[in-house]
Amino acid sequence: MNYAEVAVNSPIAQRRSFCYSIPPELKVEVGQAVWAPFGSKTLQGVVVSISGYPSFEITKEIYDVITPSSLLSSIQVDVALWISKHYLSPLFEAVALMLPPGFQRRLVTFLQLSSDLGDLSQLSSDQRQVIGLLQDKAKINLRELERKFGKKKTESLTQQLLRRRLVVKSQQLEGTKIKPKLVAHLRLRIESSEAEAEVVRLKATGAYKQAAVLEFLIQQIRPVTLAELRKSVDCQKGAIESLKNRGLVSEVEVKVRRDPLAHLKVVPTSPPTLTPSQEAAWQKIQKHMVQRHLNESSVFLLHGVTGSGKTEIYIRALTEIVSQGKKGICLVPEIALTPQTIERFASRFQGRVAVIHSGLSLGEQFDEWYRIKEGECDVVIGPRSALFAPQPDLGLIVIDEEHEWTYKQSDKSPRYHTRDVAIKLAELSDALVILGSATPAVETFYRAQQGDYQLIELKERITPYGPSSLPEVEVVDLKEELKAGNRSLFSRSLAVAMNEALANREQVILFLNRRGTATFIQCRDCGFVFRCSRCMAPLTYHSTNEKLVCHHCHYSGPLPVECPKCLSHSIRFLGIGTQRVEEEVKHLFPQARTIRWDRDVTAGRRAHEEILAKVRDYKVDILIGTQMVAKGLDLPQVTLAGVISADTGLNLPDFRAGERTFQLLCQVAGRAGRGFSPGRVIIQTYSPEHYAIQAASRHDYLGFYATEIDYRLKFGYPPFSQLASLTFSHTNEPTCFKEVERMLHLLAAEKDRRGVPNLRFIGPVPSFVPRVRGHYRWQLVICGADLDDFLADILFPQGWVVDIDPVGVV
């Protein structure tokens, strides 16, 4: 008998797999989805290994297979095991990253009346109400009762009725979330010659509409939808039914692909001539692809200034990989960049490009996943989730703008970093990785300097008229603007430059990394600040709907007319966001066509695509936005980029604050001057002397890196150490603090017991936002090496979040 180690879909399972015996009648493979008994339940699981010996003395049998073949390749299973081990995440959550969309199904609990109700006179009114609901229905979902009575009360009522044996509890899996789309098609059931004779007979009897349907179907080489038929033939449902009843035509269901790219009009393009700098870069990569050496790294860092033609190198590399019979994945940091990237790649890989991201419908994601798995796509494009697409014969992974912190999944488990997982996946697949950026992460550039990655540089910008210099950058000291009496959002230099750009029919980008109109509201008389009742964060005023909004828990409420503390009506709006900038622009430049690009206006399905199209079609003069406008957009008509405030992230209590500010400023500056006209950048700040702002104004990555790496070495931060962020949350603040203190003492004792050198603890301290959604949060940061091994055997009670290699510590 064989035995399978199964990752089970249960929160109890955590990082363990469980051993099951495989019944002789079942054929089970590694990566296959199965039904497995787990306690009193039957749960979904995925087989992660098979052996001839059990890892546990007593085993249960796998009930059945869910899928006829493996969903995950053996390489994907190994990647999932690595993610679970390195990021200390539950094993099934790591496996679930690679499962098809809509695969996971929860157990649903139902209640129904028992056969013998007996005496109901002693029941409470709530208990009678539950019985009444059950008498109206054969069975009722427990969630329905929770909505009516609340979770705690439902649990109590259920236990009471079960003890009295008045109800019976049962469980079943929720329905399948998504299936292949089947659409009704019509086809002939008789030979064409017979149909032609039938057409003549129908016309003779006056059945012209039936004859027209038959004539149309005779001309088709495949079944057609009813919609296609009605576009060409004026017919009613009765005519089609008559033909079906007479056995002349039949209706068949045909599987139809939900294509997320069907709306795009892709024009094929030819490869452009490379510049000498691009040619040198491409030759180095191509040489490694054709003739690999064991002592050379298969990870390339393509460090190219903004607009240097990195995308063309990606496309050449993917073309080479495809010619070798392999396939590739290209990752972008934001869904907003996906349409632009797809357009470039689809024009060179016609019909062979797939896209995967959360903005697609579940049906589109489902169809793309299976299309990729069947080997129909040369290139998969998308944000971090696209890395886990089932791309067979993987030969190349491209990570564009590799420095972006959106490549780290921080909001839920597994808290993986896409770059590190991609390198592990490439190692297991014998594939190459290209990391591209104008402002690489400090850790990435350090590894390239150490020889762990191969460094390739593109130092010149490419424009339609050839290589050119980067745009001129002016730093404006806002303290001097105030001294000169200018209290506008726009410095004098920026206002003049905007007027000039608009007069020349050129486009302007204004960047501010904050949403809303005012970032906090304060009473002028007593100083009271309006805060979220569930979080300890100030509420942001949004003028579009005249509401105060919490950007942490999404609470929203009306704008108050008076202070709740002193009842004063002197309410002051402080701080600025993108909505306020938009209002100022419309006031000062009423003739300009403006558009805002931030999370508040991109909730629609194709909102990013529509905004990008408007800007590229010159239907917009001024584009105002948050970090979305700073990430890799190629907008040739933009000649001026203005940073409203460079200080928003500069003074955060995070050792990466300077690096993030430098990267954002350089990326925003890179949007200007990509067309025929030279670009100009104006950065407004209260800290003009800061090393990050000074380096950004000179486009000087190496200068910034030299300063930053010295700081990192001095304080022992990455890349000279590894970090782990441990955060505990609880509704009671003293309890929260005591638990974090307890954990600190436990970890310190474990450090001493093992004799672990160079391990230090920072904290405990309250998180930057100390309360979110009613839960207080305290944080402990560990700095050392091999922290996943150190923390692997530590038991973290409920309420703890462990983040290995966090991108921020606030």
# chains A, B, ... in the order shown; residues from 1 in each chain; ligands from 1
call {"tool": "select_by_dssp", "arguments": {"residues": "stretch 420-535 of chain A", "states": "alpha helix (DSSP H)", "output": "JSON, numbers by chain"}}
result
{"A": [420, 421, 422, 423, 424, 425, 426, 427, 428, 429, 442, 443, 444, 445, 446, 447, 448, 449, 478, 479, 480, 481, 482, 483, 492, 493, 494, 495, 496, 497, 498, 499, 500, 501, 502, 503]}
call {"tool": "write_last_selection", "arguments": {"atoms": "N, CA and C atoms", "output": "mmCIF file, in the first residue's frame"}}
result
data_model
loop_
_atom_site.group_PDB
_atom_site.id
_atom_site.type_symbol
_atom_site.label_atom_id
_atom_site.label_comp_id
_atom_site.auth_asym_id
_atom_site.auth_seq_id
_atom_site.Cartn_x
_atom_site.Cartn_y
_atom_site.Cartn_z
ATOM 1 N N ASP A 420 11.730 36.866 -4.171
ATOM 2 C CA ASP A 420 12.419 35.713 -3.592
ATOM 3 C C ASP A 420 11.762 34.399 -4.011
ATOM 4 N N VAL A 421 10.436 34.382 -4.103
ATOM 5 C CA VAL A 421 9.746 33.172 -4.548
ATOM 6 C C VAL A 421 10.057 32.900 -6.022
ATOM 7 N N ALA A 422 10.135 33.963 -6.829
ATOM 8 C CA ALA A 422 10.458 33.805 -8.253
ATOM 9 C C ALA A 422 11.843 33.194 -8.441
ATOM 10 N N ILE A 423 12.784 33.647 -7.636
ATOM 11 C CA ILE A 423 14.147 33.107 -7.746
ATOM 12 C C ILE A 423 14.168 31.632 -7.334
ATOM 13 N N LYS A 424 13.389 31.272 -6.310
ATOM 14 C CA LYS A 424 13.298 29.867 -5.912
ATOM 15 C C LYS A 424 12.626 29.028 -6.995
ATOM 16 N N LEU A 425 11.537 29.537 -7.569
ATOM 17 C CA LEU A 425 10.832 28.832 -8.653
ATOM 18 C C LEU A 425 11.759 28.634 -9.853
ATOM 19 N N ALA A 426 12.529 29.672 -10.196
ATOM 20 C CA ALA A 426 13.462 29.579 -11.332
ATOM 21 C C ALA A 426 14.558 28.550 -11.049
ATOM 22 N N GLU A 427 15.021 28.531 -9.821
ATOM 23 C CA GLU A 427 16.063 27.562 -9.440
ATOM 24 C C GLU A 427 15.560 26.134 -9.625
ATOM 25 N N LEU A 428 14.331 25.857 -9.204
ATOM 26 C CA LEU A 428 13.755 24.517 -9.319
ATOM 27 C C LEU A 428 13.401 24.171 -10.768
ATOM 28 N N SER A 429 13.101 25.213 -11.586
ATOM 29 C CA SER A 429 12.681 24.999 -12.979
ATOM 30 C C SER A 429 13.833 25.098 -13.959
ATOM 31 N N VAL A 442 17.748 48.240 -2.455
ATOM 32 C CA VAL A 442 19.123 48.246 -1.941
ATOM 33 C C VAL A 442 19.648 46.820 -1.795
ATOM 34 N N GLU A 443 18.802 45.905 -1.294
ATOM 35 C CA GLU A 443 19.236 44.511 -1.131
ATOM 36 C C GLU A 443 19.566 43.880 -2.478
ATOM 37 N N THR A 444 18.790 44.182 -3.497
ATOM 38 C CA THR A 444 19.020 43.606 -4.821
ATOM 39 C C THR A 444 20.339 44.110 -5.402
ATOM 40 N N PHE A 445 20.566 45.416 -5.338
ATOM 41 C CA PHE A 445 21.797 45.971 -5.898
ATOM 42 C C PHE A 445 23.011 45.464 -5.123
ATOM 43 N N TYR A 446 22.871 45.301 -3.816
ATOM 44 C CA TYR A 446 23.975 44.774 -3.007
ATOM 45 C C TYR A 446 24.343 43.364 -3.466
ATOM 46 N N ARG A 447 23.335 42.535 -3.718
ATOM 47 C CA ARG A 447 23.613 41.158 -4.171
ATOM 48 C C ARG A 447 24.265 41.153 -5.546
ATOM 49 N N ALA A 448 23.867 42.104 -6.385
ATOM 50 C CA ALA A 448 24.528 42.213 -7.696
ATOM 51 C C ALA A 448 25.984 42.633 -7.528
ATOM 52 N N GLN A 449 26.240 43.547 -6.597
ATOM 53 C CA GLN A 449 27.620 43.982 -6.328
ATOM 54 C C GLN A 449 28.458 42.835 -5.766
ATOM 55 N N LEU A 478 9.950 74.718 0.121
ATOM 56 C CA LEU A 478 8.647 75.300 0.456
ATOM 57 C C LEU A 478 8.740 76.300 1.620
ATOM 58 N N LYS A 479 9.787 76.196 2.420
ATOM 59 C CA LYS A 479 9.970 77.188 3.500
ATOM 60 C C LYS A 479 10.208 78.571 2.888
ATOM 61 N N GLU A 480 10.974 78.602 1.787
ATOM 62 C CA GLU A 480 11.240 79.880 1.110
ATOM 63 C C GLU A 480 9.977 80.408 0.435
ATOM 64 N N GLU A 481 9.137 79.499 -0.053
ATOM 65 C CA GLU A 481 7.875 79.925 -0.665
ATOM 66 C C GLU A 481 6.987 80.617 0.374
ATOM 67 N N LEU A 482 6.948 80.050 1.581
ATOM 68 C CA LEU A 482 6.149 80.659 2.651
ATOM 69 C C LEU A 482 6.705 82.036 3.029
ATOM 70 N N LYS A 483 8.024 82.132 3.087
ATOM 71 C CA LYS A 483 8.634 83.424 3.406
ATOM 72 C C LYS A 483 8.279 84.474 2.367
ATOM 73 N N ARG A 492 5.898 78.952 -7.033
ATOM 74 C CA ARG A 492 5.901 79.861 -8.179
ATOM 75 C C ARG A 492 6.493 79.190 -9.411
ATOM 76 N N SER A 493 7.551 78.419 -9.221
ATOM 77 C CA SER A 493 8.183 77.719 -10.357
ATOM 78 C C SER A 493 7.226 76.721 -10.996
ATOM 79 N N LEU A 494 6.525 75.966 -10.145
ATOM 80 C CA LEU A 494 5.612 74.944 -10.679
ATOM 81 C C LEU A 494 4.436 75.599 -11.395
ATOM 82 N N ALA A 495 3.889 76.676 -10.851
ATOM 83 C CA ALA A 495 2.761 77.356 -11.490
ATOM 84 C C ALA A 495 3.158 77.895 -12.860
ATOM 85 N N VAL A 496 4.359 78.506 -12.957
ATOM 86 C CA VAL A 496 4.841 79.038 -14.241
ATOM 87 C C VAL A 496 5.054 77.900 -15.234
ATOM 88 N N ALA A 497 5.673 76.824 -14.773
ATOM 89 C CA ALA A 497 5.950 75.684 -15.661
ATOM 90 C C ALA A 497 4.658 75.050 -16.166
ATOM 91 N N MET A 498 3.622 74.973 -15.316
ATOM 92 C CA MET A 498 2.339 74.415 -15.736
ATOM 93 C C MET A 498 1.700 75.296 -16.798
ATOM 94 N N ASN A 499 1.758 76.598 -16.614
ATOM 95 C CA ASN A 499 1.226 77.527 -17.628
ATOM 96 C C ASN A 499 1.929 77.349 -18.963
ATOM 97 N N GLU A 500 3.262 77.212 -18.932
ATOM 98 C CA GLU A 500 4.032 77.049 -20.166
ATOM 99 C C GLU A 500 3.676 75.739 -20.863
ATOM 100 N N ALA A 501 3.579 74.654 -20.096
ATOM 101 C CA ALA A 501 3.253 73.348 -20.690
ATOM 102 C C ALA A 501 1.868 73.373 -21.328
ATOM 103 N N LEU A 502 0.897 73.966 -20.637
ATOM 104 C CA LEU A 502 -0.457 74.035 -21.180
ATOM 105 C C LEU A 502 -0.508 74.910 -22.424
ATOM 106 N N ALA A 503 0.261 76.005 -22.426
ATOM 107 C CA ALA A 503 0.303 76.886 -23.602
ATOM 108 C C ALA A 503 0.891 76.167 -24.808
#
call {"tool": "residues_around", "arguments": {"residues": "A:Ile683", "least_positions_apart": "3", "cutoff": "9 Å", "atoms": "only C-alpha atoms", "output": "list in words"}}
result
Val473, Glu474, Val475, Val476, Asp477, Leu494, Ala641, Gly642, Val643, Ile644, Ser645, Ala646, Leu665, Ala669, Pro688, Ile693 and Ser697 of chain A
call {"tool": "closest_atom_pairs", "arguments": {"of": "stretch 404-474 of chain A", "to": "stretch 306-324 of chain A", "cutoff": "6 Å", "atoms": "only C-alpha atoms", "output": "JSON lines"}}
result
{"residue": "A:Ala438", "atom": "CA", "partner": "A:Thr306", "partner_atom": "CA", "distance": 5.7}
{"residue": "A:Glu460", "atom": "CA", "partner": "A:Ser308", "partner_atom": "CA", "distance": 5.7}
{"residue": "A:Arg461", "atom": "CA", "partner": "A:Ser308", "partner_atom": "CA", "distance": 4.2}
{"residue": "A:Ile462", "atom": "CA", "partner": "A:Ser308", "partner_atom": "CA", "distance": 5.3}
call {"tool": "atom_distance", "arguments": {"atom1": "atom CA of A:Phe676", "atom2": "atom CA of A:Pro467"}}
result
11.2 Å
call {"tool": "closest_atom_pairs", "arguments": {"of": "stretch 323-417 of chain A", "to": "stretch 293-299 of chain A", "cutoff": "10 Å", "atoms": "only C-alpha atoms", "output": "Markdown table"}}
result
| residue | atom | partner | partner_atom | distance |
| --- | --- | --- | --- | --- |
| A:Leu396 | CA | A:Ser298 | CA | 9.8 |
| A:Ile397 | CA | A:Val299 | CA | 9.5 |
| A:Val398 | CA | A:Val299 | CA | 9.9 |
call {"tool": "residues_around", "arguments": {"residues": "A:Val167", "least_positions_apart": "2", "cutoff": "12 Å", "atoms": "only C-alpha atoms", "output": "ChimeraX atom specification"}}
result
/A:110-118,127-128,130-135,138-140,157-165,169-170
